[in-house]
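Taking it in order: structure first as structure tokens, then the write-up.
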Amino acid sequence: MHICCAFVTPAVPVTGSVVAAMKALAPEKLSSAQKQAFQKERALNRQVLSEVSTAREIGTLPLFVAARIDPHLEQLGRQLGVACAKGCGWCCHGLKVELTAPEAIAIAEYLRTKSAPEGLPALGEALQDEADEARTLSITDRWLARRACYFLDQASGSCSIWEARPLACRSHTSLNASACEAAHTGRGDGPAVPRPTSIETLYGLARGALHAACEDTGLDMRAFELTNAVAVAFHVPRAAERWLAGERVFDHAVIPSDESDREAGRDPSNAGLLPAAQLVPERRTQAANDRKRARRALRAR
């Protein structure tokens, strides 16, 4: 069974988080076909949840969602003229990516599968270094520094976890690459990046169905900062199985700025609307982070 094309509608916007998406897509705004497709997808996710037990199996939850949605995204992209292409990584800079526990588990399992066993300790150390530093950053800090996503291969401009990338990243598309470049390089005050709401709606509903299915069984479906969530899934013993058992093991992925970030709004492109005092990052004199950056630079040589 694949998700119904009735999910596609250009009229309903979807925001970055699953919860906000479900609030924006209130039941009274959905067509009967969309509601039926949503419930079918929700039931399918519940069925998969009842059949998984290992970390690798749990990680397939969001990947199955993506497998059902991606073909529709590709078709819509061609119809709408989506400008995104390999090597164009403007949206991989300056944004705070949030994801849910199953998505973090999927990425952690992908990293383990794609890495040689002898390289796993160094990979885990580098990931934890990045997660520790990410704990010191707000969305404003990230936007002003145009900080690159940890999983972006900056030499090629490609995503190093493309096959397991978060659902939010899959739904984030643009109709004008030049507008993306202008927004992320700070040139002028041009129009906002044009984004196809039909693609966001398609993914928003699918993500919402996964979210609802997990909550139906009492599972923790909060959104967490990317590297901290993946670090938990990678390092904490049996993190995936413990999450499936209902434990809030991803409490370790909550970072200090989460609450203030949500109050300020997740869209860093609106940073200019914040009070000027909030746009000036505090001077950071954290020797630990300096040492971690130095270690990362050595590993990159």
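Chain identifiers are assigned as A, B, and so on, following the order in which chains appear in the structure tokens; residues are numbered from 1 within each chain, and ligands are numbered from 1 in order of appearance.
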Write down as JSON, numbers by chain the residues of region 156-281 of chain A whose backbone DSSP state falls under strand (DSSP E or B).
-> {"A": [158, 159, 224, 225]}
Go ahead and write the residues just picked, all heavy atoms, as a PDB file, in the first residue's frame.
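Result file is result.pdb:
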```pdb
ATOM      1  N   SER A 158      26.947  17.592  -1.109  1.00  0.00           N
ATOM      2  CA  SER A 158      25.943  16.535  -1.035  1.00  0.00           C
ATOM      3  C   SER A 158      25.754  16.067   0.409  1.00  0.00           C
ATOM      4  O   SER A 158      26.609  16.281   1.269  1.00  0.00           O
ATOM      5  CB  SER A 158      26.347  15.350  -1.918  1.00  0.00           C
ATOM      6  OG  SER A 158      27.599  14.828  -1.505  1.00  0.00           O
ATOM      7  N   CYS A 159      24.625  15.423   0.638  1.00  0.00           N
ATOM      8  CA  CYS A 159      24.277  14.930   1.973  1.00  0.00           C
ATOM      9  C   CYS A 159      24.902  13.557   2.186  1.00  0.00           C
ATOM     10  O   CYS A 159      24.688  12.635   1.390  1.00  0.00           O
ATOM     11  CB  CYS A 159      22.752  14.852   2.098  1.00  0.00           C
ATOM     12  SG  CYS A 159      22.179  14.120   3.653  1.00  0.00           S
ATOM     13  N   PHE A 224      13.691  16.694  18.291  1.00  0.00           N
ATOM     14  CA  PHE A 224      14.980  16.963  18.919  1.00  0.00           C
ATOM     15  C   PHE A 224      15.962  17.506  17.888  1.00  0.00           C
ATOM     16  O   PHE A 224      15.833  17.239  16.691  1.00  0.00           O
ATOM     17  CB  PHE A 224      15.563  15.671  19.515  1.00  0.00           C
ATOM     18  CG  PHE A 224      14.669  14.957  20.462  1.00  0.00           C
ATOM     19  CD1 PHE A 224      13.914  13.868  20.032  1.00  0.00           C
ATOM     20  CD2 PHE A 224      14.548  15.359  21.777  1.00  0.00           C
ATOM     21  CE1 PHE A 224      13.072  13.193  20.897  1.00  0.00           C
ATOM     22  CE2 PHE A 224      13.711  14.694  22.659  1.00  0.00           C
ATOM     23  CZ  PHE A 224      12.967  13.608  22.217  1.00  0.00           C
ATOM     24  N   GLU A 225      16.970  18.231  18.372  1.00  0.00           N
ATOM     25  CA  GLU A 225      18.045  18.706  17.504  1.00  0.00           C
ATOM     26  C   GLU A 225      18.760  17.504  16.892  1.00  0.00           C
ATOM     27  O   GLU A 225      19.044  16.509  17.569  1.00  0.00           O
ATOM     28  CB  GLU A 225      19.013  19.572  18.306  1.00  0.00           C
ATOM     29  CG  GLU A 225      20.053  20.300  17.470  1.00  0.00           C
ATOM     30  CD  GLU A 225      21.281  19.420  17.170  1.00  0.00           C
ATOM     31  OE1 GLU A 225      21.659  18.600  18.043  1.00  0.00           O
ATOM     32  OE2 GLU A 225      21.827  19.562  16.064  1.00  0.00           O
TER      33      GLU A 225
END
```
Shell around Gly77 (chain A) at 12 Å using only C-alpha atoms, local window under 2 positions removed, as a ChimeraX atom specification = /A:70-75,79-85,170-175,195-200
Please identify every residue of region 176-277 of chain A that has at least one atom no farther than 6 Å from an atom of region 111-132 of chain A, counting only C-alpha atoms, and for each give the shortest atom pair and the distance in Å to one decimal, arranged by chain then increasing number, as a tab-separated table.
```
residue	atom	partner	partner_atom	distance
A:Thr227	CA	A:Ala131	CA	5.0
A:Asn228	CA	A:Ala131	CA	4.8
A:Ala231	CA	A:Gln128	CA	5.9
```
Excluding same-chain residues fewer than 2 positions from Phe234 (chain A), what lies within 8 Å of it counting only C-alpha atoms, as a count of residues only?
-> 9
Which residues, written as a list in words, have at least one atom at most 6 Å from region 136-141 of chain A, with only C-alpha atoms counted and residues fewer than 2 positions away on the same chain left out?
-> Lys96, Glu133, Ala134, Trp143, Leu144, Ser257 and Pro281 of chain A
Identify which of the residues A:His184, A:Arg78, A:Arg46, A:His235 lies closest to Leu219 (chain A), counting only C-alpha atoms when measuring atom-to-atom distances.
->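 Nearest to Leu219 (chain A): A:Arg46.
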From a DSSP pass on the backbone, collect the residues of region 35-254 of chain A flagged as helix (DSSP H, G or I) and hand them back as number ranges by chain.
-> A: 35-51, 55-80, 90-92, 101-114, 117-134, 139-145, 162-164, 167-171, 177-185, 197-216, 226-235, 239-244, 249-253
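For the choices A:Val52, A:Cys88, A:Ala33, A:Val249, the atom-to-atom distance to Asp220 (chain A) is smallest for A:Val249 when using only C-alpha atoms.
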Using only C-alpha atoms, which of A:Glu181, A:Glu263, A:Glu103, A:Asp153 sits nearest Arg56 (chain A)?
-> A:Glu103
